[in-house]
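run.cif, holding mmCIF, C-alpha atoms:
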```cif
data_upload
loop_
_atom_site.label_atom_id
_atom_site.label_comp_id
_atom_site.auth_asym_id
_atom_site.auth_seq_id
_atom_site.Cartn_x
_atom_site.Cartn_y
_atom_site.Cartn_z
CA MET O 1 0.00 0.00 0.00
CA ASP O 2 2.35 2.70 -1.26
CA LYS O 3 -0.02 5.49 -0.20
CA HIS O 4 0.88 4.87 3.44
CA VAL O 5 4.48 5.99 3.24
CA HIS O 6 6.47 8.82 4.76
CA ASN O 7 10.17 9.52 4.42
CA ARG O 8 10.42 6.29 2.42
CA VAL O 9 9.29 4.28 5.43
CA LYS O 10 6.39 2.05 4.52
CA LEU O 11 3.82 1.18 7.13
CA ASP O 12 3.97 -2.57 7.77
CA LEU O 13 0.27 -3.37 7.53
CA LYS O 14 0.75 -7.07 8.29
CA LYS O 15 2.50 -6.22 11.57
CA HIS O 16 -0.75 -4.54 12.64
CA ASN O 17 -3.03 -7.28 11.27
CA LEU O 18 -4.12 -4.97 8.45
CA GLY O 19 -2.78 -6.97 5.51
CA HIS O 20 -6.26 -6.93 3.97
CA LEU O 21 -5.76 -3.19 3.28
CA GLU O 22 -2.78 -3.88 1.02
CA GLY O 23 -3.29 -2.29 -2.40
CA LYS O 24 -6.40 -0.33 -1.46
CA ARG O 25 -6.63 3.44 -1.90
CA THR O 26 -7.05 5.26 1.39
CA ILE O 27 -10.22 7.00 0.21
CA ASP O 28 -11.78 3.59 -0.50
CA LEU O 29 -11.31 2.36 3.07
CA THR O 30 -14.23 2.20 5.46
CA ASP O 31 -14.26 4.62 8.38
CA GLU O 32 -13.33 1.73 10.69
CA GLU O 33 -10.38 0.78 8.46
CA ILE O 34 -9.22 4.40 8.43
CA GLU O 35 -9.25 4.42 12.23
CA GLN O 36 -7.22 1.18 12.29
CA LEU O 37 -4.78 2.61 9.73
CA MET O 38 -4.31 5.78 11.78
CA ASP O 39 -3.73 3.78 14.98
CA ALA O 40 -1.09 1.66 13.23
CA ALA O 41 0.65 4.71 11.74
CA ALA O 42 0.63 6.49 15.11
CA ALA O 43 2.12 3.43 16.83
CA ASP O 44 4.98 3.33 14.31
CA ASP O 45 5.37 7.14 14.19
CA ILE O 46 4.70 7.25 10.45
CA ALA O 47 2.88 10.18 8.86
CA LEU O 48 0.25 9.20 6.31
CA SER O 49 0.20 10.59 2.80
CA LEU O 50 -2.89 11.20 0.69
CA GLY O 51 -0.97 12.18 -2.45
CA ILE O 52 -1.72 15.90 -2.04
CA LEU O 53 1.05 18.22 -3.21
CA TRP O 54 2.80 20.27 -0.55
CA SER O 55 1.85 23.91 -1.12
CA ARG O 56 1.02 26.92 1.03
CA VAL O 57 -2.62 26.79 -0.13
CA ASN O 58 -2.99 23.07 0.57
CA VAL O 59 -1.39 23.36 4.02
CA ARG O 60 -3.54 26.35 5.02
CA LYS O 61 -6.69 24.61 3.85
CA ALA O 62 -5.76 21.38 5.63
CA LEU O 63 -4.88 23.18 8.88
CA ASP O 64 -8.48 24.37 8.98
CA GLU O 65 -9.67 20.74 9.00
CA GLY O 66 -9.10 20.40 12.74
CA LYS O 67 -8.10 22.24 15.90
CA CYS O 68 -5.05 21.64 18.05
CA GLU O 69 -6.07 20.62 21.57
CA ASN O 70 -2.60 21.26 23.06
CA CYS O 71 -2.28 17.63 24.12
CA GLY O 72 1.52 17.85 23.83
CA ARG O 73 2.04 14.56 22.01
CA CYS O 74 4.18 16.34 19.42
CA CYS O 75 6.31 17.77 22.25
CA ASN O 76 7.04 14.42 23.88
CA PRO O 77 8.94 11.34 22.72
CA ASN O 78 7.02 8.51 21.10
CA PRO O 79 7.63 5.48 23.36
CA ASN O 80 7.71 3.30 20.23
CA ARG O 81 10.59 5.35 18.81
CA PRO O 82 13.17 5.70 21.61
CA ASP O 83 15.86 6.25 18.95
CA SER O 84 14.25 9.47 17.67
CA PRO O 85 16.68 12.40 17.97
CA GLY O 86 13.84 14.86 18.72
CA VAL O 87 12.39 17.76 16.75
CA GLU O 88 14.38 19.11 13.81
CA VAL O 89 14.54 22.91 13.80
CA PHE O 90 16.35 25.27 11.45
CA GLU O 91 19.53 26.79 12.86
CA ALA O 92 18.21 30.19 11.73
CA GLU O 93 15.30 29.78 14.19
CA LEU O 94 17.57 29.51 17.21
CA ASP O 95 17.91 33.30 17.58
CA ALA O 96 14.12 33.73 17.91
CA ILE O 97 13.93 30.75 20.27
CA SER O 98 16.77 32.25 22.34
CA ALA O 99 15.00 35.62 22.58
CA ALA O 100 11.62 34.07 23.48
CA SER O 101 13.07 31.67 26.06
CA ARG O 102 15.76 34.02 27.38
CA ILE O 103 18.24 31.19 26.99
CA PRO O 104 21.56 32.33 25.50
CA ILE O 105 22.25 30.99 22.01
CA GLU O 106 25.39 29.24 23.27
CA LYS O 107 23.32 27.25 25.77
CA LEU O 108 20.73 26.42 23.06
CA LEU O 109 23.52 25.04 20.91
CA GLN O 110 24.57 22.82 23.83
CA MET O 111 20.95 21.68 24.36
CA THR O 112 20.58 20.65 20.71
CA THR O 113 22.50 18.29 18.47
CA LYS O 114 23.63 18.84 14.92
CA GLY O 115 21.10 17.94 12.24
CA ALA O 116 21.25 18.25 8.48
CA GLU O 117 23.99 20.17 6.72
CA ALA O 118 23.22 23.12 4.48
CA LYS O 119 22.61 22.04 0.91
CA PRO O 120 22.93 24.69 -1.81
CA GLY O 121 21.38 24.34 -5.23
CA PRO O 122 17.93 24.10 -6.76
CA THR O 123 16.59 22.22 -3.72
CA THR O 124 18.25 24.34 -1.06
CA ARG O 125 18.24 23.01 2.47
CA GLU O 126 19.05 25.09 5.50
CA PRO O 127 21.20 23.61 8.28
CA THR O 128 19.23 22.15 11.19
CA ARG O 129 19.59 21.18 14.83
CA TRP O 130 17.73 18.53 16.85
CA LEU O 131 15.79 19.82 19.84
CA PRO O 132 15.49 17.04 22.44
CA LEU O 133 12.18 15.54 23.53
CA PRO O 134 10.37 16.14 25.74
CA CYS O 135 10.57 19.68 24.44
CA PRO O 136 12.22 21.89 27.05
CA PHE O 137 9.79 24.69 26.14
CA ARG O 138 6.60 22.70 26.79
CA ASN O 139 4.92 23.64 30.06
CA GLN O 140 3.36 20.27 30.84
CA ALA O 141 1.36 21.52 33.83
CA GLU O 142 -0.32 24.35 31.90
CA HIS O 143 -0.51 22.47 28.56
CA ARG O 144 1.17 25.24 26.59
CA CYS O 145 4.32 26.22 24.79
CA GLU O 146 6.52 28.76 26.57
CA ILE O 147 7.83 30.08 23.23
CA HIS O 148 4.61 29.80 21.20
CA GLU O 149 5.01 33.20 19.53
CA SER O 150 8.46 32.15 18.26
CA ASN O 151 8.03 28.41 17.93
CA PRO O 152 9.81 26.70 15.03
CA VAL O 153 8.23 26.16 11.61
CA VAL O 154 7.93 22.42 12.26
CA CYS O 155 5.75 23.16 15.30
CA ARG O 156 3.55 25.66 13.47
CA LEU O 157 2.93 23.18 10.66
CA TYR O 158 2.28 20.15 12.84
CA PRO O 159 0.58 17.70 12.18
CA PHE O 160 2.03 18.09 8.67
CA SER O 161 5.35 17.12 7.23
CA MET O 162 6.67 16.47 3.75
CA SER O 163 7.16 13.16 2.04
CA GLY O 164 9.10 14.33 -0.99
CA GLU O 165 6.79 16.92 -2.55
CA ILE O 166 3.73 15.34 -0.96
CA LEU O 167 1.88 16.48 2.15
CA ALA O 168 1.88 13.91 4.95
CA VAL O 169 -0.17 13.97 8.17
CA HIS O 170 0.96 12.76 11.59
CA VAL O 171 -2.02 11.00 13.18
CA ASP O 172 -0.72 10.48 16.71
CA CYS O 173 -3.08 13.05 18.26
CA ALA O 174 -6.75 14.01 18.00
CA TYR O 175 -5.87 17.05 15.85
CA GLY O 176 -3.91 15.00 13.31
CA LYS O 177 -6.65 12.39 13.18
CA ASP O 178 -9.34 15.05 12.65
CA VAL O 179 -7.32 16.62 9.85
CA PHE O 180 -6.73 13.25 8.17
CA ARG O 181 -10.39 12.19 8.45
CA ASN O 182 -11.63 15.52 7.08
CA MET O 183 -9.13 15.49 4.22
CA ILE O 184 -10.33 12.01 3.26
CA LYS O 185 -13.96 13.17 3.32
CA GLU O 186 -13.10 16.05 1.04
CA LEU O 187 -11.10 13.83 -1.32
CA ARG O 188 -14.01 11.40 -1.54
CA HIS O 189 -16.09 14.24 -2.98
CA VAL O 190 -13.58 15.34 -5.60
CA ILE O 191 -11.95 12.08 -6.76
CA PRO O 192 -14.00 10.17 -9.33
CA ASP O 193 -14.39 6.39 -9.63
CA ARG O 194 -14.95 5.69 -6.00
#
```

Rewrite the coordinates I just gave you, this time as structure tokens.
Amino acid sequence: MDKHVHNRVKLDLKKHNLGHLEGKRTIDLTDEEIEQLMDAAAADDIALSLGILWSRVNVRKALDEGKCENCGRCCNPNPNRPDSPGVEVFEAELDAISAASRIPIEKLLQMTTKGAEAKPGPTTREPTRWLPLPCPFRNQAEHRCEIHESNPVVCRLYPFSMSGEILAVHVDCAYGKDVFRNMIKELRHVIPDR
């Protein structure tokens, strides 16, 4: 089921007793099967793709398909992925994070680990750092982000990420699941031959 892929990691449907979904289009699944698919993807920390191109318009529209409940799942480690390095932020964002948190940039650099190198060219990539999880800026008691006004791009776009040029949705929280369900409903209306 190549539709259920993110970062070239394919969801192992058989591992989750969902082998019967193999080869089916996501929009053709029953609501119950979609729930099972989302639970499996969340357990394996895999974002689900619906084949929608990543664009500012598509992301804005999709963000309106749900509401963040500040559950903090995106700010905490996934127990099924203890090897995860954390949240990848752009190095250029560290100045704003430093100002908002009042943590000197030197200390932020010590708190984070080196991520991707800068990549010049037609598909430019900015250098990144890995912010550890649980996020040091998450106020767990008050269910809020201490640097919300300056939070990194990855946080503002959550539950979305990119899978190549395709929009992918993390479904490990109620917000991500609402967005995914609502996107499927919309696609069912616009894609023929259902």

With 6 Å as the cut-off and all atoms listed in the file counted, what is the closest atom pair between each nearby residue of region 93-184 of chain O and region 25-46 of chain O? Distances in Å to one decimal, ordered by chain and number, as JSON lines.
```
{"residue": "O:Val171", "atom": "CA", "partner": "O:Ala42", "partner_atom": "CA", "distance": 5.6}
{"residue": "O:Asp172", "atom": "CA", "partner": "O:Ala42", "partner_atom": "CA", "distance": 4.5}
{"residue": "O:Ile184", "atom": "CA", "partner": "O:Ile27", "partner_atom": "CA", "distance": 5.9}
```

Practice problem: Run the PyMOL selection byres ((chain O and resi 54-62) around 9) mentally over the shown coordinates, then write out the matched residues as a PyMOL selection string, using the chain letters and numbers from the document. | Solution: chain O and resi 52-53+63-66+157+160-168+179-180+182-183

Practice problem: Please indicate the distance in Å from CA of Glu93 (chain O) to CA of Asn80 (chain O), rounded to one decimal place. | Solution: 28.2 Å

Self-check item: the PyMOL selection byres ((chain O and resi 71) around 9) resolved against shown file, as an MDAnalysis selection string
Solution: chainID O and resid 68:70 72:75 143:144 173:174

Quiz item: Where does the PyMOL selection byres ((chain O and resi 153-155) around 8) land in this file, that is, which residues does it pick, as a list in words?
Solution: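 Applying the expression gives Val87, Glu88, Val89, Asn151, Pro152, Arg156, Leu157, Tyr158 and Ser161 of chain O.
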
Exercise. Using CA of Met111 (chain O) and CA of Ser98 (chain O) as the two end points, give the distance in Å to one decimal.
Key: 11.5 Å

Practice problem: For Leu94 (chain O), list every protein, DNA or RNA residue within 8 Å, evaluated using only C-alpha atoms, and leave out those in the same chain fewer than 3 positions away; present the list as number ranges by chain. | Solution: O: 90-91, 97-98, 105, 108

Practice problem: Compute the distance from (26.0, 17.5, 21.1) to each atom, counting all atoms listed in the file, keep the residues with any atom at most 12 Å away, and return them as a PyMOL selection string; use the coordinates of the file. | Solution: chain O and resi 85+106-115+129-132

Practice problem: Pick out the closest residue to His170 (chain O) from this set: O:Asn76, O:Arg125, O:Ser49, O:Arg81. Count all atoms listed in the file. | Solution: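 With all atoms listed in the file as the atom set, the closest residue is O:Ser49.
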
Considering all atoms listed in the file, return as an mmCIF file with C-alpha atoms, keeping the file's coordinate frame whatever protein or nucleic-acid residues lie within 12 Å of Glu146 (chain O), sequence-local ones (same chain, fewer than 2 positions apart) excluded.
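around.cif was written with the following content:
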```
data_model
loop_
_atom_site.group_PDB
_atom_site.id
_atom_site.type_symbol
_atom_site.label_atom_id
_atom_site.label_comp_id
_atom_site.auth_asym_id
_atom_site.auth_seq_id
_atom_site.Cartn_x
_atom_site.Cartn_y
_atom_site.Cartn_z
ATOM 1 C CA CYS O 75 6.310 17.770 22.250
ATOM 2 C CA ILE O 97 13.930 30.750 20.270
ATOM 3 C CA SER O 98 16.770 32.250 22.340
ATOM 4 C CA ALA O 99 15.000 35.620 22.580
ATOM 5 C CA ALA O 100 11.620 34.070 23.480
ATOM 6 C CA SER O 101 13.070 31.670 26.060
ATOM 7 C CA ARG O 102 15.760 34.020 27.380
ATOM 8 C CA ILE O 103 18.240 31.190 26.990
ATOM 9 C CA CYS O 135 10.570 19.680 24.440
ATOM 10 C CA PRO O 136 12.220 21.890 27.050
ATOM 11 C CA PHE O 137 9.790 24.690 26.140
ATOM 12 C CA ARG O 138 6.600 22.700 26.790
ATOM 13 C CA ASN O 139 4.920 23.640 30.060
ATOM 14 C CA GLN O 140 3.360 20.270 30.840
ATOM 15 C CA ALA O 141 1.360 21.520 33.830
ATOM 16 C CA GLU O 142 -0.320 24.350 31.900
ATOM 17 C CA HIS O 143 -0.510 22.470 28.560
ATOM 18 C CA ARG O 144 1.170 25.240 26.590
ATOM 19 C CA HIS O 148 4.610 29.800 21.200
ATOM 20 C CA GLU O 149 5.010 33.200 19.530
ATOM 21 C CA SER O 150 8.460 32.150 18.260
ATOM 22 C CA ASN O 151 8.030 28.410 17.930
#
```

Quick one: axis-aligned box around all listed atoms of region 67-86 of chain O, 6 Å on every side, centre and edge lengths in Å to one decimal, written as JSON.
```
{"center_x": 4.3, "center_y": 12.8, "center_z": 20.0, "size_x": 36.8, "size_y": 30.9, "size_z": 20.2}
```

Quiz prompt | Between CA of Pro77 (chain O) and CA of Glu22 (chain O) - distance in Å to one decimal | solution =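 These two atoms are separated by 29.0 Å.
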
Quiz item: For Tyr175 (chain O), which residue out of O:Lys15, O:Lys119, O:Pro82, O:Pro159 is the nearest one, using all atoms listed in the file?
Solution: O:Pro159
